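Heads up, protein07.tsv below (TSV, C-alpha atoms):
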chain	number	residue	atom	x	y	z
A	195	THR	CA	48.21	8.13	-11.44
A	196	GLY	CA	44.58	9.12	-11.93
A	197	SER	CA	43.73	11.53	-14.71
A	198	ASN	CA	41.04	13.99	-15.79
A	199	ASN	CA	39.60	14.38	-12.29
A	200	THR	CA	38.04	17.56	-10.89
A	201	ALA	CA	37.78	18.15	-7.14
A	202	LEU	CA	36.42	21.25	-5.42
A	203	GLY	CA	35.76	21.37	-1.68
A	204	ALA	CA	37.39	20.25	1.54
A	205	PHE	CA	38.36	16.55	1.42
A	206	SER	CA	36.66	16.05	-1.93
A	207	TYR	CA	38.19	13.15	-3.86
A	208	PHE	CA	40.59	12.90	-0.92
A	209	ALA	CA	41.73	9.28	-1.44
A	210	GLY	CA	41.88	9.27	-5.23
A	211	THR	CA	44.64	7.09	-6.71
A	212	THR	CA	44.07	5.61	-10.17
A	213	GLY	CA	40.48	6.63	-10.83
A	214	GLY	CA	39.77	8.87	-13.80
A	215	ALA	CA	37.19	11.32	-15.12
A	216	ASN	CA	35.60	11.94	-11.73
A	217	VAL	CA	33.95	15.21	-10.72
A	218	ALA	CA	33.68	15.91	-6.99
A	219	VAL	CA	32.19	19.19	-5.77
A	220	GLY	CA	31.42	19.64	-2.08
A	221	TYR	CA	32.67	18.77	1.39
A	222	TYR	CA	33.78	15.11	1.42
A	223	ALA	CA	32.29	14.46	-2.02
A	224	LEU	CA	33.83	11.24	-3.39
A	225	ALA	CA	36.22	11.37	-0.41
A	226	ALA	CA	36.97	7.63	-0.27
A	227	THR	CA	37.16	6.89	-3.98
A	228	THR	CA	40.37	5.16	-4.97
A	229	THR	CA	40.01	3.44	-8.34
A	230	GLY	CA	36.41	4.37	-9.20
A	231	SER	CA	35.98	6.28	-12.44
A	232	ASP	CA	33.46	8.39	-14.32
A	233	ASN	CA	31.56	9.47	-11.21
A	234	THR	CA	29.90	12.84	-10.67
A	235	ALA	CA	29.30	13.86	-7.06
A	236	ILE	CA	27.89	17.30	-6.29
A	237	GLY	CA	26.95	18.13	-2.73
A	238	SER	CA	28.26	17.66	0.78
A	239	ASP	CA	28.97	13.95	1.47
A	240	ALA	CA	27.75	12.89	-1.97
A	241	LEU	CA	29.23	9.47	-2.79
A	242	GLU	CA	31.42	9.98	0.28
A	243	THR	CA	32.32	6.33	0.95
A	244	SER	CA	32.40	5.08	-2.62
A	245	THR	CA	35.70	3.30	-3.27
A	246	THR	CA	35.63	1.44	-6.57
A	247	GLY	CA	32.13	2.28	-7.83
A	248	SER	CA	31.94	3.85	-11.27
A	249	TYR	CA	29.50	5.66	-13.57
A	250	ASN	CA	27.43	7.09	-10.71
A	251	VAL	CA	25.76	10.51	-10.60
A	252	ALA	CA	24.98	11.88	-7.14
A	253	VAL	CA	23.55	15.38	-6.78
A	254	GLY	CA	22.49	16.58	-3.36
A	255	LYS	CA	23.73	16.40	0.20
A	256	ARG	CA	24.26	12.76	1.26
A	257	ALA	CA	23.15	11.40	-2.11
A	258	LEU	CA	24.63	7.90	-2.46
A	259	GLU	CA	26.62	8.73	0.67
A	260	LYS	CA	27.18	5.13	1.87
A	261	SER	CA	27.94	3.68	-1.53
A	262	THR	CA	31.05	1.50	-1.69
A	263	THR	CA	31.14	-0.44	-4.96
A	264	ALA	CA	27.72	0.58	-6.31
A	265	SER	CA	27.82	1.55	-9.98
A	266	GLU	CA	25.66	3.03	-12.72
A	267	ASN	CA	23.26	4.73	-10.30
A	268	THR	CA	21.71	8.20	-10.54
A	269	ALA	CA	20.65	9.83	-7.27
A	270	VAL	CA	19.29	13.38	-7.17
A	271	GLY	CA	18.04	14.92	-3.92
A	272	TYR	CA	18.98	15.07	-0.26
A	273	GLY	CA	19.76	11.54	0.95
A	274	ALA	CA	18.67	9.89	-2.28
A	275	LEU	CA	19.96	6.29	-2.31
A	276	ASN	CA	21.85	7.26	0.84
A	277	TRP	CA	22.40	3.65	1.97
A	278	ALA	CA	22.96	2.06	-1.43
A	279	THR	CA	26.15	0.09	-0.94
A	280	THR	CA	26.51	-2.31	-3.85
A	281	GLY	CA	23.34	-1.69	-5.86
A	282	PHE	CA	23.45	-0.91	-9.56
A	283	GLY	CA	21.46	0.70	-12.32
A	284	THR	CA	18.94	2.55	-10.13
A	285	VAL	CA	17.52	6.04	-10.68
A	286	ALA	CA	16.32	7.84	-7.53
A	287	ILE	CA	15.05	11.41	-7.67
A	288	GLY	CA	13.67	13.13	-4.58
A	289	LYS	CA	14.50	13.64	-0.92
A	290	ASN	CA	15.38	10.26	0.63
A	291	ALA	CA	14.17	8.34	-2.43
A	292	GLY	CA	15.45	4.81	-1.91
A	293	GLY	CA	17.41	6.11	1.02
A	294	ALA	CA	16.19	4.53	4.27
A	295	ASN	CA	17.85	1.11	4.34
A	296	THR	CA	21.04	-0.62	3.28
A	297	TYR	CA	20.33	-1.22	-0.38
A	298	THR	CA	21.90	-3.75	-2.72
A	299	GLY	CA	19.12	-3.97	-5.31
A	300	GLY	CA	19.24	-2.82	-8.87
A	301	GLN	CA	17.39	-1.42	-11.85
A	302	ASN	CA	14.74	0.49	-9.92
A	303	VAL	CA	13.23	3.85	-10.86
A	304	LEU	CA	12.20	5.87	-7.79
A	305	VAL	CA	10.81	9.37	-8.21
A	306	GLY	CA	9.31	11.36	-5.35
A	307	VAL	CA	9.99	12.15	-1.71
A	308	SER	CA	10.79	8.83	0.03
A	309	ALA	CA	9.65	6.81	-2.98
A	310	GLY	CA	10.89	3.26	-2.49
A	311	GLY	CA	12.46	4.55	0.69
A	312	SER	CA	12.88	1.17	2.41
A	313	LEU	CA	14.18	-0.89	-0.50
A	314	THR	CA	16.91	-3.37	0.38
A	315	SER	CA	17.41	-5.88	-2.42
A	316	GLY	CA	14.25	-5.52	-4.49
A	317	GLY	CA	14.76	-4.91	-8.18
A	318	GLU	CA	13.04	-3.76	-11.37
A	319	ASN	CA	10.42	-1.62	-9.62
A	320	VAL	CA	9.01	1.71	-10.76
A	321	CYS	CA	7.76	3.93	-7.91
A	322	VAL	CA	6.59	7.44	-8.78
A	323	GLY	CA	4.94	9.73	-6.23
A	324	TYR	CA	5.25	10.81	-2.62
A	325	GLN	CA	6.12	7.67	-0.61
A	326	ALA	CA	5.07	5.43	-3.48
A	327	GLY	CA	6.26	1.91	-2.73
A	328	TYR	CA	7.83	3.25	0.45
A	329	SER	CA	7.90	-0.07	2.37
A	330	PHE	CA	9.31	-2.19	-0.43
A	331	THR	CA	12.17	-4.31	0.87
A	332	THR	CA	12.71	-7.29	-1.43
A	333	GLY	CA	9.64	-6.96	-3.62
A	334	GLY	CA	10.29	-6.73	-7.34
A	335	THR	CA	8.87	-6.13	-10.81
A	336	SER	CA	6.13	-3.82	-9.56
A	337	ILE	CA	4.83	-0.44	-10.71
A	338	CYS	CA	3.47	2.04	-8.15
A	339	ILE	CA	2.39	5.44	-9.42
A	340	GLY	CA	0.61	8.02	-7.25
A	341	ARG	CA	0.78	9.48	-3.77
A	342	ASN	CA	1.19	6.61	-1.26
A	343	ALA	CA	0.54	4.07	-4.01
A	344	GLY	CA	1.53	0.65	-2.72
A	345	GLU	CA	3.02	2.33	0.32
A	346	LYS	CA	2.92	-0.74	2.60
A	347	ILE	CA	4.03	-3.38	0.08
A	348	THR	CA	7.06	-5.21	1.47
A	349	THR	CA	7.98	-8.44	-0.33
A	350	ALA	CA	5.17	-8.74	-2.88
A	351	SER	CA	6.00	-8.76	-6.57
A	352	ALA	CA	4.35	-8.20	-9.94
A	353	ASN	CA	1.84	-5.58	-8.80
A	354	ILE	CA	0.68	-2.63	-10.89
A	355	VAL	CA	-0.97	0.05	-8.75
A	356	MET	CA	-1.80	3.50	-10.07
A	357	GLY	CA	-3.71	6.28	-8.32
A	358	TRP	CA	-3.88	8.34	-5.13
A	359	ASN	CA	-3.64	6.02	-2.08
A	360	VAL	CA	-4.30	3.00	-4.28
A	361	ALA	CA	-3.54	-0.32	-2.55
A	362	GLU	CA	-2.09	1.70	0.30
A	363	THR	CA	-2.24	-1.14	2.87
A	364	LEU	CA	-1.24	-4.04	0.60
A	365	THR	CA	1.73	-5.84	2.14
A	366	THR	CA	2.58	-9.23	0.62
A	367	GLY	CA	-0.17	-9.72	-1.95
A	368	GLY	CA	1.15	-10.08	-5.49
A	369	GLY	CA	0.00	-10.16	-9.09
A	370	ASN	CA	-2.58	-7.40	-8.70
A	371	THR	CA	-3.48	-4.68	-11.21
A	372	ILE	CA	-5.24	-1.84	-9.41
A	373	ILE	CA	-6.04	1.54	-10.96
A	374	GLY	CA	-8.12	4.35	-9.43
A	375	TYR	CA	-8.41	6.85	-6.59
A	376	ASN	CA	-8.58	5.02	-3.24
A	377	ALA	CA	-8.97	1.72	-5.06
A	378	PHE	CA	-8.25	-1.48	-3.12
A	379	ILE	CA	-7.38	0.70	-0.17
A	380	ASP	CA	-7.93	-1.92	2.59
A	381	ALA	CA	-6.28	-4.89	0.86
A	382	THR	CA	-3.47	-6.58	2.77
A	383	THR	CA	-2.49	-9.96	1.29
A	384	ALA	CA	-4.94	-10.15	-1.62
A	385	THR	CA	-3.53	-11.64	-4.83
A	386	GLY	CA	-4.35	-11.90	-8.50
A	387	ASN	CA	-6.97	-9.15	-8.61
A	388	THR	CA	-7.72	-6.77	-11.48
A	389	ASN	CA	-9.67	-3.74	-10.29
A	390	VAL	CA	-10.17	-0.48	-12.13
A	391	GLY	CA	-12.19	2.52	-10.92
A	392	SER	CA	-12.38	5.14	-8.20
A	393	GLY	CA	-12.93	3.43	-4.86
A	394	VAL	CA	-13.26	0.02	-6.49
A	395	ALA	CA	-12.98	-2.94	-4.09
A	396	ALA	CA	-12.29	-0.46	-1.30
A	397	ASN	CA	-13.12	-2.96	1.47
A	398	VAL	CA	-11.43	-6.06	0.10
A	399	THR	CA	-8.76	-7.35	2.47
A	400	THR	CA	-7.70	-10.84	1.37
A	401	GLY	CA	-9.89	-11.60	-1.66
A	402	GLN	CA	-8.32	-13.46	-4.57
A	403	ASN	CA	-8.70	-13.44	-8.35
A	404	ASN	CA	-11.46	-10.84	-8.57
A	405	THR	CA	-12.09	-8.66	-11.62
A	406	MET	CA	-13.99	-5.44	-10.92
A	407	LEU	CA	-14.48	-2.50	-13.24
A	408	GLY	CA	-16.29	0.72	-12.35
A	409	GLY	CA	-16.37	3.41	-9.68
A	410	SER	CA	-17.28	2.09	-6.21
A	411	THR	CA	-17.75	-1.38	-7.65
A	412	GLY	CA	-17.49	-4.34	-5.30
A	413	THR	CA	-17.39	-2.28	-2.13
A	414	ASN	CA	-19.44	-4.95	-0.30
A	415	LEU	CA	-16.70	-7.53	-0.76
A	416	THR	CA	-14.14	-8.18	1.95
A	417	THR	CA	-12.71	-11.67	1.44
A	418	GLY	CA	-14.61	-12.88	-1.63
A	419	SER	CA	-12.77	-14.56	-4.48
A	420	ASN	CA	-13.23	-15.39	-8.17
A	421	ASN	CA	-15.82	-12.69	-8.81
A	422	THR	CA	-16.35	-10.67	-11.98
A	423	ILE	CA	-18.26	-7.44	-11.32
A	424	LEU	CA	-18.81	-4.75	-13.94
A	425	GLY	CA	-20.48	-1.35	-13.69
A	426	TYR	CA	-20.68	1.69	-11.45
A	427	SER	CA	-21.46	0.64	-7.84
A	428	ALA	CA	-22.24	-2.91	-8.94
A	429	GLN	CA	-22.12	-5.40	-6.07
A	430	PRO	CA	-22.00	-9.20	-5.82

Would you mind giving the structure from this file in structure tokens?
Amino acid sequence: TGSNNTALGAFSYFAGTTGGANVAVGYYALAATTTGSDNTAIGSDALETSTTGSYNVAVGKRALEKSTTASENTAVGYGALNWATTGFGTVAIGKNAGGANTYTGGQNVLVGVSAGGSLTSGGENVCVGYQAGYSFTTGGTSICIGRNAGEKITTASANIVMGWNVAETLTTGGGNTIIGYNAFIDATTATGNTNVGSGVAANVTTGQNNTMLGGSTGTNLTTGSNNTILGYSAQP
């Protein structure tokens, strides 16, 4: 009883019953959809296991492949959001973006190869760049922009990291604002820091509540806390 559906390719939209306005192009695209509607799946295995999910766009081989009831997602690229099962409202663009783990999170924006690749239930993150925010699992409300930016963050939240390799080793530290090339590059669990500048606070590991502005500023610090350091290469 479905209507206004388009299917092109072996086993595409194979199980369709009452769903409507679906477009399935490619081998096994939208193969399991029964009552889901308003989906667009282009590519082999795109949205293959989606059953009742609706308003999804999947472009690329294996994009949103393991989705079941996930809705309102946009996945573009090979394996993008591949393991998103019940997640919603996420945009993933790039090979394997958001695609490494079973994912039930929502409202993330992931742009770049493997950006946010390990997300499980984390939500409201913006990860832009090659492997930006790659290790995120349940962390939320963070912004990671730049190659490998925030790559090792797992469960931390409320971080803003922008720049090449910035905060690359940060894992569970939260509430940091870090901007600059190689800034905060050795930090692991540091929290509440505001650091701006190329190479700023490059050796800090677990320091808390520091404010440092300027290129190579605070490079002598490792675990210091509650410092305010301003100026190029200024040290405590």

Return the single residue from A:Asn397, A:Gln429, A:Thr234, A:Asn276 that is closest to A:Gly412, with distances computed using all atoms listed in the file.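 Result for the nearest residue to A:Gly412: A:Gln429.
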
A:Ala326, A:Ala309, A:Val390, A:Ala209 ranked by distance to A:Glu362, top pick (using only C-alpha atoms):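 Nearest candidate to A:Glu362 out of A:Ala326, A:Ala309, A:Val390, A:Ala209: A:Ala326.
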
Name the closest residue to A:Lys260 among the candidates A:Gly344, A:Pro430, A:Gly333, A:Gly293; distances are taken between atoms, counting only C-alpha atoms.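 Of all the options, A:Gly293 lies closest to A:Lys260.
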
Using only C-alpha atoms, which of A:Phe205, A:Tyr297, A:Trp277, A:Tyr328 sits nearest A:Asn342?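 Smallest separation from A:Asn342 among the options: A:Tyr328.
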
Pick from A:Thr335, A:Ser315, A:Thr284, A:Ser206, whichever lies nearest to A:Leu224 using all atoms listed in the file: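 Ranked by minimum distance to A:Leu224, first place goes to A:Ser206.
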
Using only C-alpha atoms, determine which residues lie at most 8 Å from stretch 402-411 of chain A, disregarding the query and same-chain residues fewer than 5 positions distant; provide the list as JSON, numbers by chain. {"A": [384, 385, 386, 387, 388, 389, 390, 391, 392, 393, 394, 395, 396, 417, 418, 419, 420, 421, 422, 423, 424, 425, 426, 427, 428, 429]}

Please provide the set of residues having any atom within 6 Å of A:Thr371, restricted to all atoms listed in the file, with same-chain residues fewer than 3 positions apart removed, written as JSON, numbers by chain. {"A": [353, 354, 355, 388]}

To one decimal place in Å, what is the distance between atom CA of A:Leu275 and atom CA of A:Thr348?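 Going from atom CA of A:Leu275 over to atom CA of A:Thr348, I get 17.7 Å.
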
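Each of A:Asp239, A:Ser231, A:Gly327, A:Thr246 was compared to A:Gly203 using all atoms listed in the file, and A:Asp239 turns out to be the nearest.
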
Need to verify the contact set: A:Ala223, 9 Å, only C-alpha atoms, exclusion of same-chain residues closer than 4 positions in sequence. Can you return it as a list in words? Ala201, Leu202, Gly203, Ala204, Phe205, Ser206, Tyr207, Phe208, Val217, Ala218, Val219, Ala235, Ile236, Gly237, Ser238, Asp239, Ala240, Leu241, Glu242, Thr243, Arg256 and Glu259 of chain A

Using atom CA of A:Val285 and atom CA of A:Thr262 as the two end points, give the distance in Å to one decimal. 16.9 Å
